[in-house]
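Here is the file protein_2.pdb (PDB, C-alpha atoms).
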```pdb
ATOM      1  CA  THR F1404     -15.457  45.742 -15.904
ATOM      2  CA  ILE F1405     -14.791  47.819 -18.987
ATOM      3  CA  ALA F1406     -13.346  44.766 -20.746
ATOM      4  CA  VAL F1407     -16.461  42.696 -19.996
ATOM      5  CA  VAL F1408     -18.738  45.484 -21.242
ATOM      6  CA  TRP F1409     -16.586  45.781 -24.373
ATOM      7  CA  TRP F1410     -16.907  42.012 -24.887
ATOM      8  CA  LEU F1411     -20.713  42.154 -24.510
ATOM      9  CA  LEU F1412     -21.007  45.116 -26.878
ATOM     10  CA  ALA F1413     -18.876  43.274 -29.414
ATOM     11  CA  ALA F1414     -21.199  40.274 -29.141
ATOM     12  CA  ALA F1415     -24.123  42.543 -29.949
ATOM     13  CA  THR F1416     -22.325  44.207 -32.870
ATOM     14  CA  SER F1417     -21.093  41.506 -35.252
ATOM     15  CA  ALA F1418     -19.464  38.094 -35.315
ATOM     16  CA  GLU F1419     -16.209  39.488 -36.728
ATOM     17  CA  TYR F1420     -15.880  42.189 -34.097
ATOM     18  CA  PHE F1421     -16.768  39.704 -31.374
ATOM     19  CA  ALA F1422     -14.032  37.358 -32.603
ATOM     20  CA  TYR F1423     -11.550  40.241 -32.507
ATOM     21  CA  VAL F1424     -12.456  41.289 -28.944
ATOM     22  CA  ASP F1425     -12.686  37.695 -27.760
ATOM     23  CA  GLY F1426      -9.218  37.070 -29.152
ATOM     24  CA  ILE F1427      -7.844  39.960 -27.129
ATOM     25  CA  LEU F1428      -9.591  38.941 -23.920
ATOM     26  CA  THR F1429      -8.547  35.297 -24.228
ATOM     27  CA  SER F1430      -4.911  36.156 -24.922
ATOM     28  CA  TRP F1431      -2.356  35.785 -22.139
ATOM     29  CA  LEU F1432      -2.646  39.473 -21.273
ATOM     30  CA  GLY F1433      -6.445  39.409 -21.240
ATOM     31  CA  THR F1434      -6.416  36.282 -19.107
ATOM     32  CA  LEU F1435      -3.994  37.923 -16.685
ATOM     33  CA  VAL F1436      -6.215  41.020 -16.411
ATOM     34  CA  MET F1437      -9.324  38.892 -15.848
ATOM     35  CA  LEU F1438      -7.515  36.784 -13.253
ATOM     36  CA  GLY F1439      -6.377  39.922 -11.437
ATOM     37  CA  SER F1440      -9.920  41.272 -11.505
ATOM     38  CA  ALA F1441     -11.256  37.998 -10.112
ATOM     39  CA  TRP F1442      -8.691  38.108  -7.302
ATOM     40  CA  ALA F1443      -9.632  41.707  -6.488
ATOM     41  CA  LEU F1444     -13.315  40.779  -6.269
ATOM     42  CA  CYS F1445     -12.571  37.756  -4.074
ATOM     43  CA  TYR F1446     -10.345  39.847  -1.808
ATOM     44  CA  HIS F1447     -13.063  42.478  -1.521
ATOM     45  CA  LEU F1448     -15.623  39.803  -0.615
ATOM     46  CA  ALA F1449     -13.414  38.171   2.020
ATOM     47  CA  ASN F1450     -12.391  41.479   3.564
ATOM     48  CA  GLY F1451     -16.029  42.601   3.561
ATOM     49  CA  ILE F1452     -16.915  39.559   5.649
ATOM     50  CA  ARG F1453     -14.042  40.450   7.980
ATOM     51  CA  HIS F1454     -15.443  43.965   8.358
ATOM     52  CA  LEU F1455     -18.918  42.599   9.091
ATOM     53  CA  VAL F1456     -17.402  40.656  11.981
ATOM     54  CA  TRP F1457     -15.673  43.842  13.125
ATOM     55  CA  ASP F1458     -19.011  45.678  12.956
ATOM     56  CA  MET F1459     -20.282  43.207  15.556
ATOM     57  CA  GLY F1460     -17.435  44.323  17.806
ATOM     58  CA  LEU F1461     -15.439  41.104  17.472
ATOM     59  CA  GLY F1462     -11.849  40.423  16.459
ATOM     60  CA  PHE F1463     -10.129  43.652  17.461
ATOM     61  CA  GLU F1464      -7.286  42.003  19.365
ATOM     62  CA  LEU F1465      -3.961  42.517  17.603
ATOM     63  CA  ASP F1466      -3.263  38.810  17.128
ATOM     64  CA  MET F1467      -6.799  38.249  15.757
ATOM     65  CA  VAL F1468      -6.422  41.170  13.342
ATOM     66  CA  THR F1469      -3.197  39.629  12.042
ATOM     67  CA  LYS F1470      -4.733  36.160  11.744
ATOM     68  CA  THR F1471      -7.833  37.377   9.945
ATOM     69  CA  GLY F1472      -5.677  39.469   7.601
ATOM     70  CA  PHE F1473      -3.794  36.354   6.559
ATOM     71  CA  ALA F1474      -7.090  34.441   6.380
ATOM     72  CA  VAL F1475      -8.455  37.060   3.965
ATOM     73  CA  LEU F1476      -5.382  36.684   1.752
ATOM     74  CA  GLY F1477      -5.678  32.898   1.830
ATOM     75  CA  ALA F1478      -9.418  32.893   1.196
ATOM     76  CA  SER F1479      -9.107  35.299  -1.723
ATOM     77  CA  GLY F1480      -6.380  33.141  -3.233
ATOM     78  CA  LEU F1481      -8.423  29.960  -2.823
ATOM     79  CA  LEU F1482     -11.563  31.550  -4.240
ATOM     80  CA  THR F1483      -9.605  32.855  -7.225
ATOM     81  CA  LEU F1484      -8.129  29.401  -7.766
ATOM     82  CA  LEU F1485     -11.627  27.926  -7.627
ATOM     83  CA  ILE F1486     -12.779  30.419 -10.258
ATOM     84  CA  LEU F1487      -9.774  29.537 -12.421
ATOM     85  CA  ILE F1488     -10.433  25.804 -12.129
ATOM     86  CA  THR F1489     -14.148  26.032 -12.885
ATOM     87  CA  ALA F1490     -13.813  28.494 -15.781
TER
END
```
Would you mind writing the structure in this file as structure tokens?
Amino acid sequence: TIAVVWWLLAAATSAEYFAYVDGILTSWLGTLVMLGSAWALCYHLANGIRHLVWDMGLGFELDMVTKTGFAVLGASGLLTLLILITA
């Protein structure tokens, strides 16, 4: 989040500073950080849906907990891949 705010502030400051910050964020390290952040957000979304189902009192059996845990990992990976493809 701090990197995105830094990027937006650089855009509001000057073209040279924006080019500098954009160069950092589009480097391999910046891309890796953004990809990790996207995965974390997707994981949080998928696990939040899982918890909403739990709030309804469903899915507390041990085998269902294991299956939904793997489903959350798979869904977060697929959503991150979708973000990567569309970006």
Which distance in Å separates atom CA of F:Glu1419 and atom CA of F:Thr1404, to one decimal?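 Straight-line distance from atom CA of F:Glu1419 to atom CA of F:Thr1404 works out to 21.8 Å.
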Which residue, F:Ser1440, F:Thr1489, F:Thr1429, F:Thr1469, has the smallest gap to F:Trp1410 when you use all atoms listed in the file?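 Among the listed residues, the smallest separation from F:Trp1410 belongs to F:Thr1429.
Distance-wise, atom CA of F:Val1408 and atom CA of F:Leu1448 end up 21.6 Å apart.
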Rank nothing, just name the residue among F:Asp1458, F:Val1475, F:Leu1481, F:Leu1432 nearest to F:Tyr1446, using all atoms listed in the file. F:Val1475
Looking at only C-alpha atoms, which of F:Ala1478, F:Met1467, F:Ala1415, F:Val1436 is the one that sits closest to F:Gly1451? F:Ala1478
F:Ala1406, F:Ala1418, F:Phe1473, F:Gly1462 ranked by distance to F:Thr1434, top pick (using all atoms listed in the file): F:Ala1406
I need the residue nearest F:Thr1483 from this list: F:Trp1409, F:Trp1442, F:Asp1425, F:Ala1414. Use only C-alpha atoms for the distance. F:Trp1442
Excluding F:Ala1441 and any residue of its chain fewer than 5 positions from it, enumerate the residues within 10 Å of it, using all atoms listed in the file, and give them as a list in words. Leu1435, Val1436, Tyr1446, His1447, Ser1479, Gly1480, Leu1482, Thr1483, Leu1484, Ile1486 and Leu1487 of chain F
Selected residues written out, C-alpha atoms, as a PDB file, keeping the file's coordinate frame:
```pdb
ATOM      1  CA  LEU F1435      -3.994  37.923 -16.685  1.00  0.00           C
ATOM      2  CA  VAL F1436      -6.215  41.020 -16.411  1.00  0.00           C
ATOM      3  CA  TYR F1446     -10.345  39.847  -1.808  1.00  0.00           C
ATOM      4  CA  HIS F1447     -13.063  42.478  -1.521  1.00  0.00           C
ATOM      5  CA  SER F1479      -9.107  35.299  -1.723  1.00  0.00           C
ATOM      6  CA  GLY F1480      -6.380  33.141  -3.233  1.00  0.00           C
ATOM      7  CA  LEU F1482     -11.563  31.550  -4.240  1.00  0.00           C
ATOM      8  CA  THR F1483      -9.605  32.855  -7.225  1.00  0.00           C
ATOM      9  CA  LEU F1484      -8.129  29.401  -7.766  1.00  0.00           C
ATOM     10  CA  ILE F1486     -12.779  30.419 -10.258  1.00  0.00           C
ATOM     11  CA  LEU F1487      -9.774  29.537 -12.421  1.00  0.00           C
TER      12      LEU F1487
END
```
Where atoms are absent from stretch 1427-1459 of chain F, fill them in so it carries N, CA and C atoms, then output it as a CSV table (one decimal), in the frame of the given file.
```
chain,number,residue,atom,x,y,z
F,1427,ILE,N,-8.6,39.1,-28.0
F,1427,ILE,CA,-7.8,40.0,-27.1
F,1427,ILE,C,-8.0,39.5,-25.7
F,1428,LEU,N,-9.3,39.3,-25.3
F,1428,LEU,CA,-9.6,38.9,-23.9
F,1428,LEU,C,-9.2,37.5,-23.6
F,1429,THR,N,-9.0,36.7,-24.5
F,1429,THR,CA,-8.5,35.3,-24.2
F,1429,THR,C,-7.0,35.1,-24.5
F,1430,SER,N,-6.4,36.2,-24.8
F,1430,SER,CA,-4.9,36.2,-24.9
F,1430,SER,C,-4.3,36.1,-23.5
F,1431,TRP,N,-3.0,35.9,-23.5
F,1431,TRP,CA,-2.4,35.8,-22.1
F,1431,TRP,C,-2.5,37.1,-21.3
F,1432,LEU,N,-2.5,38.2,-22.0
F,1432,LEU,CA,-2.6,39.5,-21.3
F,1432,LEU,C,-4.1,39.6,-20.8
F,1433,GLY,N,-5.0,39.3,-21.6
F,1433,GLY,CA,-6.4,39.4,-21.2
F,1433,GLY,C,-6.8,38.5,-20.1
F,1434,THR,N,-6.2,37.3,-20.2
F,1434,THR,CA,-6.4,36.3,-19.1
F,1434,THR,C,-5.8,36.8,-17.8
F,1435,LEU,N,-4.6,37.4,-17.9
F,1435,LEU,CA,-4.0,37.9,-16.7
F,1435,LEU,C,-4.8,39.1,-16.1
F,1436,VAL,N,-5.4,39.9,-16.9
F,1436,VAL,CA,-6.2,41.0,-16.4
F,1436,VAL,C,-7.5,40.5,-15.8
F,1437,MET,N,-8.1,39.5,-16.4
F,1437,MET,CA,-9.3,38.9,-15.8
F,1437,MET,C,-9.0,38.2,-14.5
F,1438,LEU,N,-7.9,37.5,-14.5
F,1438,LEU,CA,-7.5,36.8,-13.3
F,1438,LEU,C,-7.3,37.8,-12.1
F,1439,GLY,N,-6.6,38.9,-12.4
F,1439,GLY,CA,-6.4,39.9,-11.4
F,1439,GLY,C,-7.7,40.5,-11.0
F,1440,SER,N,-8.6,40.7,-11.9
F,1440,SER,CA,-9.9,41.3,-11.5
F,1440,SER,C,-10.7,40.3,-10.6
F,1441,ALA,N,-10.6,39.0,-10.9
F,1441,ALA,CA,-11.3,38.0,-10.1
F,1441,ALA,C,-10.7,38.0,-8.7
F,1442,TRP,N,-9.3,38.1,-8.6
F,1442,TRP,CA,-8.7,38.1,-7.3
F,1442,TRP,C,-9.1,39.3,-6.5
F,1443,ALA,N,-9.2,40.5,-7.2
F,1443,ALA,CA,-9.6,41.7,-6.5
F,1443,ALA,C,-11.1,41.6,-6.0
F,1444,LEU,N,-11.9,41.0,-6.7
F,1444,LEU,CA,-13.3,40.8,-6.3
F,1444,LEU,C,-13.4,39.8,-5.1
F,1445,CYS,N,-12.6,38.7,-5.2
F,1445,CYS,CA,-12.6,37.8,-4.1
F,1445,CYS,C,-12.0,38.4,-2.8
F,1446,TYR,N,-10.9,39.2,-3.0
F,1446,TYR,CA,-10.3,39.8,-1.8
F,1446,TYR,C,-11.4,40.8,-1.2
F,1447,HIS,N,-12.1,41.5,-2.0
F,1447,HIS,CA,-13.1,42.5,-1.5
F,1447,HIS,C,-14.2,41.7,-0.8
F,1448,LEU,N,-14.6,40.6,-1.3
F,1448,LEU,CA,-15.6,39.8,-0.6
F,1448,LEU,C,-15.1,39.3,0.7
F,1449,ALA,N,-13.9,38.7,0.8
F,1449,ALA,CA,-13.4,38.2,2.0
F,1449,ALA,C,-13.2,39.3,3.1
F,1450,ASN,N,-12.6,40.4,2.6
F,1450,ASN,CA,-12.4,41.5,3.6
F,1450,ASN,C,-13.7,42.1,4.0
F,1451,GLY,N,-14.7,42.1,3.2
F,1451,GLY,CA,-16.0,42.6,3.6
F,1451,GLY,C,-16.6,41.8,4.7
F,1452,ILE,N,-16.4,40.4,4.6
F,1452,ILE,CA,-16.9,39.6,5.6
F,1452,ILE,C,-16.2,39.9,6.9
F,1453,ARG,N,-14.9,40.1,6.8
F,1453,ARG,CA,-14.0,40.4,8.0
F,1453,ARG,C,-14.6,41.7,8.6
F,1454,HIS,N,-14.9,42.7,7.8
F,1454,HIS,CA,-15.4,44.0,8.4
F,1454,HIS,C,-16.8,43.8,9.0
F,1455,LEU,N,-17.6,42.9,8.5
F,1455,LEU,CA,-18.9,42.6,9.1
F,1455,LEU,C,-18.7,42.0,10.5
F,1456,VAL,N,-17.7,41.2,10.7
F,1456,VAL,CA,-17.4,40.7,12.0
F,1456,VAL,C,-16.9,41.8,12.9
F,1457,TRP,N,-16.1,42.7,12.3
F,1457,TRP,CA,-15.7,43.8,13.1
F,1457,TRP,C,-16.9,44.7,13.5
F,1458,ASP,N,-17.8,44.9,12.6
F,1458,ASP,CA,-19.0,45.7,13.0
F,1458,ASP,C,-19.8,45.1,14.1
F,1459,MET,N,-19.6,43.8,14.4
F,1459,MET,CA,-20.3,43.2,15.6
F,1459,MET,C,-19.4,43.4,16.8
```
